[in-house]
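Scroll down for the structure; my scribbles are underneath it.
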Amino acid sequence: MKRGYVKIGLLAFAFGCLVMSAKVDARAEEPDYSKVSYATPAKEESDWVTEGIYSYCLIRNKKAVKLRISDTNDVVKEEKGVIPTKIKGLPVKEVDHVSVKSWKTLVIPAGIEVIGETTFYNENLQSVQIGKDVQYIGEAAFSSNKNLQTVTGGEGVRFVGNQAFSYCRSLSQMPQFMRKNKKCIYGSEIFRGDRSLRNITVSKNMRIPMRLFRDVKDCVMFV
C-alpha cells in the first residue's frame, strides 16, 4: 500500500508543476521595435569601419555605436574580456558580434543596452557579468557556450530571445536576473539542451513560461 501512495504522490506533484506552469505559458514573440519602451537593435546609419579587432557603425542619429569584435588571428591572450564602452568618443550601445577564443570571463559594462542575435555564439566563456543597462538579449546570444557556468547581473533586462542560453551544458543555475526580474519577456527554449540545470525553483509571480526549460530533466517548481 505504501508504494501506491508514493506513486500517487509523485503523479500529483508532477501534475501540480504542470498546472502552475500553464498559468504563465504565454508565447513571447519578437517585439515590435516601434512600440516597446526598452532598447532594441537599431538601424545601421553608416558603413562599418574596422580598426584592429574592432568593427563599428553609427546608430541612433549617429550619436552612438554598434560594435563587433573579431580576433581572427588570435592576437588577444587575456582570459578576461571587457566590452569597451566608447569608440572614437561615442558611446557603445549595442554589441553585435564577438569572437575572442581566449576570453573565459566576460564583463558587459554599464551603458551597453543591446546584445544582438548570436553575439557570443559558440565561444569559450565560463562566466558572464551583464551590466545594469542591458535591456535586450537577442536570439541565441550566448548559445553553445559549453563551459558557461554562471551569469550574473542583468537587472535591467526586459527581453530575452529564443534559445538565448541554449546548449550551455555546464550552466547549473538560471541567470541571476531571471530570479528577480518580473518585467522581462522571454522567448522559447532559452535553456534547451542545458543538461546541468537541476531542481529549478521559480516564484509563481514571475513571467517565466515552462517552455524555457525544455530538456531540463528535473521538475521545475513554481512556488
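Note on naming: chains are A, B, ... as they come in the C-alpha cells, residues start from 1 per chain, ligands start from 1 in the order shown.
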When you look at segment 104-109 of chain A with a cut-off of 6 Å (counting only C-alpha atoms), what residues show up, excluding the ones that are within fewer than 3 positions of it in the same chain? I need them as a ChimeraX atom specification. /A:79-83,124-131
Exercise: Val75 of chain A partners within 12 Å, only C-alpha atoms, chain neighbours under 3 positions left out, as a CSV table (one decimal) with N, CA and C atoms, in the first residue's frame:
```
chain,number,residue,atom,x,y,z
A,52,GLY,N,41.8,47.2,-36.2
A,52,GLY,CA,42.3,46.1,-35.4
A,52,GLY,C,41.2,45.1,-35.2
A,53,ILE,N,40.9,44.7,-34.0
A,53,ILE,CA,39.9,43.7,-33.7
A,53,ILE,C,38.5,44.2,-33.6
A,69,ILE,N,33.5,42.6,-32.4
A,69,ILE,CA,34.9,42.3,-32.0
A,69,ILE,C,35.3,40.9,-32.6
A,70,SER,N,36.3,40.9,-33.4
A,70,SER,CA,36.7,39.7,-34.1
A,70,SER,C,38.2,39.5,-34.0
A,71,ASP,N,38.7,38.5,-33.2
A,71,ASP,CA,40.1,38.2,-33.0
A,71,ASP,C,40.5,37.0,-33.9
A,72,THR,N,40.4,37.2,-35.2
A,72,THR,CA,40.6,36.0,-36.1
A,72,THR,C,42.0,35.5,-36.1
A,78,GLU,N,44.5,37.6,-23.2
A,78,GLU,CA,43.8,37.7,-21.9
A,78,GLU,C,42.6,36.8,-21.8
A,99,SER,N,33.9,37.4,-31.3
A,99,SER,CA,34.7,36.2,-31.4
A,99,SER,C,36.1,36.3,-30.9
A,100,VAL,N,36.3,36.0,-29.6
A,100,VAL,CA,37.6,36.1,-29.0
A,100,VAL,C,37.8,34.8,-28.2
A,101,LYS,N,38.5,33.8,-28.7
A,101,LYS,CA,38.5,32.5,-28.2
A,101,LYS,C,39.3,32.4,-26.8
A,102,SER,N,40.1,33.4,-26.5
A,102,SER,CA,40.8,33.4,-25.2
A,102,SER,C,40.0,33.8,-24.0
A,103,TRP,N,38.9,34.5,-24.3
A,103,TRP,CA,38.1,35.0,-23.2
A,103,TRP,C,37.3,33.9,-22.5
```
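Here atom CA of Arg195 of chain A stands at a distance of 11.8 Å from atom CA of Phe165 of chain A.
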Counting only C-alpha atoms, what is within 7 Å of Leu67 of chain A, bar same-chain residues fewer than 5 positions away, as number ranges by chain? A: 55-57, 92, 94-96
Would you mind exporting N, CA and C atoms of the selected residues as a CSV table (one decimal), in the first residue's frame?
```csv
chain,number,residue,atom,x,y,z
A,55,SER,N,35.2,46.4,-35.1
A,55,SER,CA,34.5,47.0,-36.2
A,55,SER,C,33.3,47.7,-35.6
A,56,TYR,N,32.9,48.8,-36.3
A,56,TYR,CA,31.8,49.5,-35.7
A,56,TYR,C,31.0,50.3,-36.8
A,57,CYS,N,29.8,50.6,-36.5
A,57,CYS,CA,29.0,51.5,-37.3
A,57,CYS,C,28.2,52.4,-36.4
A,92,VAL,N,29.2,53.1,-26.8
A,92,VAL,CA,28.8,51.9,-27.4
A,92,VAL,C,27.5,51.4,-26.8
A,94,GLU,N,25.3,49.0,-28.5
A,94,GLU,CA,25.0,47.7,-28.9
A,94,GLU,C,26.2,46.8,-29.2
A,95,VAL,N,26.2,45.6,-28.9
A,95,VAL,CA,27.2,44.6,-29.2
A,95,VAL,C,26.6,43.6,-30.2
A,96,ASP,N,27.2,43.5,-31.4
A,96,ASP,CA,26.5,42.8,-32.5
A,96,ASP,C,27.2,41.4,-32.7
```
Please measure the separation of atom CA of Asn73 of chain A and atom CA of Val98 of chain A, giving the value in Å to one decimal.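 Distance reported for this atom pair: 13.6 Å.
Atom CA of Gly156 of chain A lies 20.1 Å from atom CA of Arg60 of chain A.
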Run DSSP on the backbone and give me the residues of segment 121-159 of chain A it puts in strand (DSSP E or B), as a VMD selection string. chain A and resid 127 to 130 136 to 137 150 to 153 159
Keeping only N, CA, C and O atoms, write the selected residues as a PDB file, in the first residue's frame.
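Final file, again-v7.pdb:
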```pdb
ATOM      1  N   SER A 127      32.110  32.471 -17.411  1.00  0.00           N
ATOM      2  CA  SER A 127      31.256  33.334 -16.591  1.00  0.00           C
ATOM      3  C   SER A 127      30.977  34.635 -17.329  1.00  0.00           C
ATOM      4  O   SER A 127      31.825  35.132 -18.074  1.00  0.00           O
ATOM      5  N   VAL A 128      29.778  35.165 -17.119  1.00  0.00           N
ATOM      6  CA  VAL A 128      29.354  36.399 -17.778  1.00  0.00           C
ATOM      7  C   VAL A 128      28.738  37.323 -16.739  1.00  0.00           C
ATOM      8  O   VAL A 128      27.885  36.900 -15.942  1.00  0.00           O
ATOM      9  N   GLN A 129      29.168  38.565 -16.755  1.00  0.00           N
ATOM     10  CA  GLN A 129      28.566  39.600 -15.916  1.00  0.00           C
ATOM     11  C   GLN A 129      27.875  40.602 -16.831  1.00  0.00           C
ATOM     12  O   GLN A 129      28.526  41.288 -17.621  1.00  0.00           O
ATOM     13  N   ILE A 130      26.552  40.673 -16.717  1.00  0.00           N
ATOM     14  CA  ILE A 130      25.757  41.544 -17.583  1.00  0.00           C
ATOM     15  C   ILE A 130      25.508  42.866 -16.872  1.00  0.00           C
ATOM     16  O   ILE A 130      25.014  42.893 -15.742  1.00  0.00           O
ATOM     17  N   TYR A 136      18.079  44.238 -23.752  1.00  0.00           N
ATOM     18  CA  TYR A 136      17.670  43.305 -24.819  1.00  0.00           C
ATOM     19  C   TYR A 136      18.782  42.288 -25.038  1.00  0.00           C
ATOM     20  O   TYR A 136      19.946  42.653 -25.244  1.00  0.00           O
ATOM     21  N   ILE A 137      18.412  41.008 -24.979  1.00  0.00           N
ATOM     22  CA  ILE A 137      19.333  39.905 -25.288  1.00  0.00           C
ATOM     23  C   ILE A 137      18.726  39.126 -26.445  1.00  0.00           C
ATOM     24  O   ILE A 137      17.642  38.553 -26.323  1.00  0.00           O
ATOM     25  N   THR A 150      28.147  30.462 -14.944  1.00  0.00           N
ATOM     26  CA  THR A 150      27.402  31.477 -14.198  1.00  0.00           C
ATOM     27  C   THR A 150      27.125  32.705 -15.053  1.00  0.00           C
ATOM     28  O   THR A 150      27.960  33.122 -15.861  1.00  0.00           O
ATOM     29  N   VAL A 151      25.932  33.286 -14.844  1.00  0.00           N
ATOM     30  CA  VAL A 151      25.544  34.534 -15.487  1.00  0.00           C
ATOM     31  C   VAL A 151      24.994  35.443 -14.392  1.00  0.00           C
ATOM     32  O   VAL A 151      23.954  35.143 -13.798  1.00  0.00           O
ATOM     33  N   THR A 152      25.686  36.533 -14.102  1.00  0.00           N
ATOM     34  CA  THR A 152      25.272  37.436 -13.033  1.00  0.00           C
ATOM     35  C   THR A 152      24.864  38.791 -13.601  1.00  0.00           C
ATOM     36  O   THR A 152      25.122  39.105 -14.758  1.00  0.00           O
ATOM     37  N   GLY A 153      24.236  39.614 -12.740  1.00  0.00           N
ATOM     38  CA  GLY A 153      23.811  40.947 -13.156  1.00  0.00           C
ATOM     39  C   GLY A 153      22.586  40.892 -14.046  1.00  0.00           C
ATOM     40  O   GLY A 153      21.793  39.957 -14.012  1.00  0.00           O
ATOM     41  N   PHE A 159      13.925  41.877 -22.356  1.00  0.00           N
ATOM     42  CA  PHE A 159      13.568  40.895 -23.383  1.00  0.00           C
ATOM     43  C   PHE A 159      14.722  39.919 -23.565  1.00  0.00           C
ATOM     44  O   PHE A 159      15.880  40.325 -23.669  1.00  0.00           O
TER      45      PHE A 159
END
```
Long-range neighbours of Arg158 of chain A as a VMD selection string, 9 Å cut-off, only C-alpha atoms, 5 positions minimum in chain: chain A and resid 38 to 39 134 to 137 181 to 186
Could you check the closest approach to Arg214 of chain A for each of A:Gly89, A:Asn199, A:Asn145, A:Gln163 and tell me which residue wins, using only C-alpha atoms?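 Result for the nearest residue to Arg214 of chain A: A:Gln163.
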Extract, using only C-alpha atoms, all DNA, RNA and protein residues at most 8 Å from Gln173 of chain A, discarding same-chain residues fewer than 4 positions from it, and format them as a PyMOL selection string. chain A and resi 149-150+197-198+200
Restricting it to N, CA, C and O atoms, dump the selection as a JSON list (two decimals), in the first residue's frame.
```
[["chain", "number", "residue", "atom", "x", "y", "z"],
["A", 149, "GLN", "N", 29.19, 28.63, -16.86],
["A", 149, "GLN", "CA", 28.67, 28.15, -15.58],
["A", 149, "GLN", "C", 27.80, 29.17, -14.85],
["A", 149, "GLN", "O", 26.83, 28.80, -14.20],
["A", 150, "THR", "N", 28.15, 30.46, -14.94],
["A", 150, "THR", "CA", 27.40, 31.48, -14.20],
["A", 150, "THR", "C", 27.13, 32.71, -15.05],
["A", 150, "THR", "O", 27.96, 33.12, -15.86],
["A", 197, "LEU", "N", 21.26, 21.91, -15.63],
["A", 197, "LEU", "CA", 20.23, 22.55, -14.82],
["A", 197, "LEU", "C", 19.47, 21.51, -14.00],
["A", 197, "LEU", "O", 19.01, 20.51, -14.54],
["A", 198, "ARG", "N", 19.33, 21.76, -12.71],
["A", 198, "ARG", "CA", 18.67, 20.81, -11.82],
["A", 198, "ARG", "C", 17.82, 21.55, -10.80],
["A", 198, "ARG", "O", 18.18, 22.61, -10.32],
["A", 200, "ILE", "N", 15.12, 23.40, -10.47],
["A", 200, "ILE", "CA", 14.88, 24.83, -10.60],
["A", 200, "ILE", "C", 13.60, 25.22, -9.86],
["A", 200, "ILE", "O", 12.55, 24.61, -10.04]]
```
DSSP on the backbone: which residues in segment 74-204 of chain A end up as helix (DSSP H, G or I)? Give the answer as a list in words.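 The helix (DSSP H, G or I) residues within segment 74-204 of chain A come out as Gln176, Phe177, Met178 and Arg179 of chain A.
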Written file, previous selection with N, CA and C atoms, as a compact mmCIF listing (two decimals), in the first residue's frame:
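Final output, result.txt:
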```
# COMPACT_ATOMS: atom_id res chain seq x y z
N GLN A 176 21.11 35.22 -13.01
CA GLN A 176 20.68 35.89 -11.79
C GLN A 176 19.44 36.75 -11.99
N PHE A 177 19.38 37.48 -13.10
CA PHE A 177 18.27 38.41 -13.30
C PHE A 177 16.93 37.71 -13.44
N MET A 178 16.92 36.45 -13.87
CA MET A 178 15.66 35.74 -14.08
C MET A 178 14.99 35.34 -12.78
N ARG A 179 15.69 35.41 -11.68
CA ARG A 179 15.11 35.04 -10.39
C ARG A 179 14.35 36.20 -9.75
```
